[in-house]
Amino acid sequence: MYYIGIDLSGPSNTKDTVLVCFERKGEALGYHTHIQPAGDEEILAFIEEKSEHAEVVIGMDAPLSYEDGGGERKQDKELKRFIISLGMKPGSIMAPTMTKMVYLTLRGIRLSREITTAETAYPVHLVEVHPGAVIGSRMGTSLSEVLEYKKDLQIRSKLLRWFQSQQLIGIPESFAQESHTVDACAAALGAWHWIDPAYHSPWLYPAEPPLHPYDYCI
């Protein structure tokens with residue numbers, strides 16, 4: 001089985017889009033490969049190729065739906081409440097229709113529908129993920145470090161070691177150079193714990209089809 005984390009950016013900023021793929025190695029996930037920059041065609045072709053060989057699980061960091069009438073979705077409000085209870089700041093959770101989010105939302109919706117409607121040899125599963133909350137909900141007493149990892153190289157280096165303690169192994173040290181690669185790894189971790197019955201997501205908002213067709217987890 002392949003576990004993919006995607007840190008998505010807007011359609012005109014593919015250089016900041018990262019896809020990281022892990023492969024099951026016993027009780028752990030081993031780093032397999034990554035794509036950066038990742039355009040839509042590269043992402044779809046990669047998933048199609050992997051799904052010819054094994055089941056694929058994808059955690060995507062982007063809104064995969066929007067609220068009818070605009071504003072925050074119910075799941076956005078619930079996740080804000082949850083991360084505030086952990087001591088995290090809710091500023092990274094924004095309404096999908098906000099001006100600075102709308103193109104990311106558009107890309108996320110388009111990609112998610114392309115992925116889940118494609119005919120594949122093996123099943124492909126997709127979940128919306130918030131990487132910062134994936135990390136923060138599992139860090140315990142080290143939570144303060146999560147709040148600054150996007151700005152601090154040393155903290156990102158520590159997070160790579162922390163990923164290893166979470167059984168994500170073989171991640172290149174170069175991933176600490178920026179936050180997008182770290183976020184993609186966290187998205188894969190969240191997707192793994194979402195689908196694997198041996199684990200559980202600290203927070204999960206179930207899908208509400210047809211308008212919100214995907215689970216949202218951390």
# chains A, B, ... in the order shown; residues from 1 in each chain; ligands from 1

$ select_by_dssp --residues "chain A" --states "strand (DSSP E or B)" --output "NGL selection string"
:A and (2-7 or 18-25 or 28-35 or 56-61 or 124-129 or 168-169 or 204-205 or 208 or 212 or 216-217)

$ write_last_selection --atoms "C-alpha atoms" --output "PDB file, in the first residue's frame"
ATOM      1  CA  TYR A   2       1.158   3.524  -0.797  1.00  0.00           C
ATOM      2  CA  TYR A   3       0.539   6.505   1.488  1.00  0.00           C
ATOM      3  CA  ILE A   4       0.716   9.918  -0.173  1.00  0.00           C
ATOM      4  CA  GLY A   5       0.744  13.346   1.436  1.00  0.00           C
ATOM      5  CA  ILE A   6       0.100  16.393  -0.733  1.00  0.00           C
ATOM      6  CA  ASP A   7       0.737  19.951   0.408  1.00  0.00           C
ATOM      7  CA  VAL A  18       4.790  18.917  -2.766  1.00  0.00           C
ATOM      8  CA  LEU A  19       3.747  15.287  -3.112  1.00  0.00           C
ATOM      9  CA  VAL A  20       5.517  12.815  -0.803  1.00  0.00           C
ATOM     10  CA  CYS A  21       4.953   9.079  -1.168  1.00  0.00           C
ATOM     11  CA  PHE A  22       5.588   6.451   1.500  1.00  0.00           C
ATOM     12  CA  GLU A  23       5.370   2.678   1.196  1.00  0.00           C
ATOM     13  CA  ARG A  24       4.417   0.225   3.917  1.00  0.00           C
ATOM     14  CA  LYS A  25       7.478  -1.405   5.497  1.00  0.00           C
ATOM     15  CA  ALA A  28       6.386   1.572   9.534  1.00  0.00           C
ATOM     16  CA  LEU A  29       6.060   3.720   6.429  1.00  0.00           C
ATOM     17  CA  GLY A  30       9.252   4.073   4.419  1.00  0.00           C
ATOM     18  CA  TYR A  31       9.968   7.102   2.262  1.00  0.00           C
ATOM     19  CA  HIS A  32       9.527   6.135  -1.393  1.00  0.00           C
ATOM     20  CA  THR A  33       9.789   9.297  -3.486  1.00  0.00           C
ATOM     21  CA  HIS A  34       8.517  12.859  -3.819  1.00  0.00           C
ATOM     22  CA  ILE A  35       7.564  15.353  -6.513  1.00  0.00           C
ATOM     23  CA  VAL A  56      -3.312   4.150  -2.465  1.00  0.00           C
ATOM     24  CA  VAL A  57      -4.227   6.425   0.452  1.00  0.00           C
ATOM     25  CA  ILE A  58      -3.941  10.198  -0.009  1.00  0.00           C
ATOM     26  CA  GLY A  59      -4.010  12.995   2.552  1.00  0.00           C
ATOM     27  CA  MET A  60      -4.454  16.373   0.867  1.00  0.00           C
ATOM     28  CA  ASP A  61      -3.827  19.712   2.554  1.00  0.00           C
ATOM     29  CA  VAL A 124      -7.681   4.989  -4.092  1.00  0.00           C
ATOM     30  CA  HIS A 125      -8.781   6.657  -0.839  1.00  0.00           C
ATOM     31  CA  LEU A 126      -8.711  10.406  -0.236  1.00  0.00           C
ATOM     32  CA  VAL A 127      -9.045  12.473   2.935  1.00  0.00           C
ATOM     33  CA  GLU A 128      -8.681  16.191   3.634  1.00  0.00           C
ATOM     34  CA  VAL A 129      -5.949  16.832   6.198  1.00  0.00           C
ATOM     35  CA  LEU A 168       7.777   7.495   9.118  1.00  0.00           C
ATOM     36  CA  ILE A 169      11.292   6.425   8.204  1.00  0.00           C
ATOM     37  CA  LEU A 204     -12.289  13.469  12.497  1.00  0.00           C
ATOM     38  CA  TYR A 205     -15.188  15.168  10.735  1.00  0.00           C
ATOM     39  CA  GLU A 208     -21.417  14.822   4.344  1.00  0.00           C
ATOM     40  CA  HIS A 212     -18.804  17.617   1.394  1.00  0.00           C
ATOM     41  CA  TYR A 216     -11.547  15.706   7.173  1.00  0.00           C
ATOM     42  CA  CYS A 217      -9.001  14.524   9.707  1.00  0.00           C
TER      43      CYS A 217
END

$ select_by_dssp --residues "range 172-209 of chain A" --states "alpha helix (DSSP H)" --output "PyMOL selection string"
chain A and resi 179-195

$ residues_around --residues "range 91-98 of chain A" --least-positions-apart "4" --cutoff "10 Å" --atoms "only C-alpha atoms" --output "PyMOL selection string"
chain A and resi 62-73+76-77+79-80+83+102-106+130+132-133

$ write_last_selection --atoms "N, CA and C atoms" --output "short mmCIF file (atom, residue, chain, number, x, y, z; two decimals), in the first residue's frame"
data_model
loop_
_atom_site.label_atom_id
_atom_site.label_comp_id
_atom_site.auth_asym_id
_atom_site.auth_seq_id
_atom_site.Cartn_x
_atom_site.Cartn_y
_atom_site.Cartn_z
N ALA A 62 -5.69 20.86 1.57
CA ALA A 62 -6.41 21.88 0.80
C ALA A 62 -7.89 21.67 1.07
N PRO A 63 -8.69 22.74 1.03
CA PRO A 63 -10.14 22.54 1.14
C PRO A 63 -10.64 21.72 -0.04
N LEU A 64 -11.42 20.71 0.23
CA LEU A 64 -11.96 19.86 -0.83
C LEU A 64 -13.46 20.08 -1.02
N SER A 65 -13.97 21.12 -0.38
CA SER A 65 -15.36 21.52 -0.54
C SER A 65 -15.49 22.95 -0.04
N TYR A 66 -16.65 23.55 -0.24
CA TYR A 66 -16.91 24.89 0.31
C TYR A 66 -18.33 24.94 0.83
N GLU A 67 -18.58 25.92 1.67
CA GLU A 67 -19.90 26.06 2.29
C GLU A 67 -20.85 26.76 1.32
N ASP A 68 -22.02 26.19 1.12
CA ASP A 68 -23.02 26.83 0.28
C ASP A 68 -23.37 28.20 0.88
N GLY A 69 -23.17 29.25 0.13
CA GLY A 69 -23.38 30.61 0.63
C GLY A 69 -22.10 31.27 1.10
N GLY A 70 -21.00 30.51 1.15
CA GLY A 70 -19.71 31.08 1.54
C GLY A 70 -19.45 30.98 3.04
N GLY A 71 -18.27 31.44 3.43
CA GLY A 71 -17.89 31.41 4.84
C GLY A 71 -17.31 30.08 5.26
N GLU A 72 -17.13 29.93 6.57
CA GLU A 72 -16.54 28.70 7.11
C GLU A 72 -17.51 27.52 7.01
N ARG A 73 -16.95 26.37 6.74
CA ARG A 73 -17.72 25.14 6.83
C ARG A 73 -17.88 24.74 8.30
N ASP A 76 -14.66 23.34 9.54
CA ASP A 76 -13.64 24.35 9.87
C ASP A 76 -13.85 24.89 11.28
N LYS A 77 -15.10 25.16 11.61
CA LYS A 77 -15.41 25.68 12.95
C LYS A 77 -15.08 24.65 14.03
N LEU A 79 -12.88 22.18 13.84
CA LEU A 79 -11.43 22.00 13.96
C LEU A 79 -10.80 23.18 14.69
N LYS A 80 -11.29 24.38 14.44
CA LYS A 80 -10.79 25.54 15.18
C LYS A 80 -10.96 25.34 16.68
N ILE A 83 -8.38 22.66 17.98
CA ILE A 83 -6.96 23.03 18.11
C ILE A 83 -6.76 24.13 19.15
N VAL A 102 -9.43 31.00 -2.32
CA VAL A 102 -10.39 30.50 -3.29
C VAL A 102 -9.73 29.72 -4.43
N TYR A 103 -8.54 30.13 -4.86
CA TYR A 103 -7.88 29.39 -5.95
C TYR A 103 -7.34 28.05 -5.46
N LEU A 104 -6.88 28.01 -4.21
CA LEU A 104 -6.47 26.74 -3.61
C LEU A 104 -7.66 25.80 -3.51
N THR A 105 -8.80 26.33 -3.08
CA THR A 105 -10.02 25.53 -2.99
C THR A 105 -10.42 24.99 -4.36
N LEU A 106 -10.36 25.86 -5.36
CA LEU A 106 -10.70 25.44 -6.72
C LEU A 106 -9.82 24.28 -7.18
N HIS A 130 -5.29 18.52 7.82
CA HIS A 130 -4.63 19.76 8.26
C HIS A 130 -3.29 19.37 8.89
N GLY A 132 -0.60 20.91 10.19
CA GLY A 132 -0.18 21.50 11.45
C GLY A 132 -0.89 20.88 12.64
N ALA A 133 -2.18 20.59 12.46
CA ALA A 133 -2.95 19.96 13.53
C ALA A 133 -2.59 18.48 13.68
#

$ closest_residue --among "A:Glu119, A:Asp152, A:Asp196, A:Glu178" --to "Leu44 in chain A" --atoms "only C-alpha atoms"
A:Glu119

$ closest_atom_pairs --of "range 44-141 of chain A" --to "range 148-151 of chain A" --cutoff "12 Å" --atoms "only C-alpha atoms" --output "CSV"
residue,atom,partner,partner_atom,distance
A:Met88,CA,A:Glu148,CA,10.7
A:Lys89,CA,A:Glu148,CA,10.9
A:Ser92,CA,A:Lys150,CA,11.5
A:Pro131,CA,A:Lys150,CA,11.4
A:Gly132,CA,A:Tyr149,CA,9.1
A:Ile135,CA,A:Tyr149,CA,10.3
A:Gly136,CA,A:Tyr149,CA,10.8

$ closest_residue --among "A:Arg138, A:Arg161, A:Lys74, A:Arg107" --to "Glu173 in chain A" --atoms "only C-alpha atoms"
A:Arg161

$ residues_around --residues "range 120-122 of chain A" --least-positions-apart "6" --cutoff "8 Å" --atoms "only C-alpha atoms" --output "count of residues only"
7

$ closest_residue --among "A:Glu27, A:Ser9, A:Ala188, A:Leu111" --to "Ala45 in chain A" --atoms "only C-alpha atoms"
A:Leu111

$ closest_residue --among "A:Ser112, A:Glu49, A:Ile218, A:Lys15" --to "Ala191 in chain A" --atoms "only C-alpha atoms"
A:Ile218

$ atom_distance --atom1 "CA of Ser144 in chain A" --atom2 "CA of Ile195 in chain A"
28.0 Å

$ closest_residue --among "A:Pro11, A:Leu153, A:Tyr214, A:His200" --to "Ala38 in chain A" --atoms "only C-alpha atoms"
A:Pro11
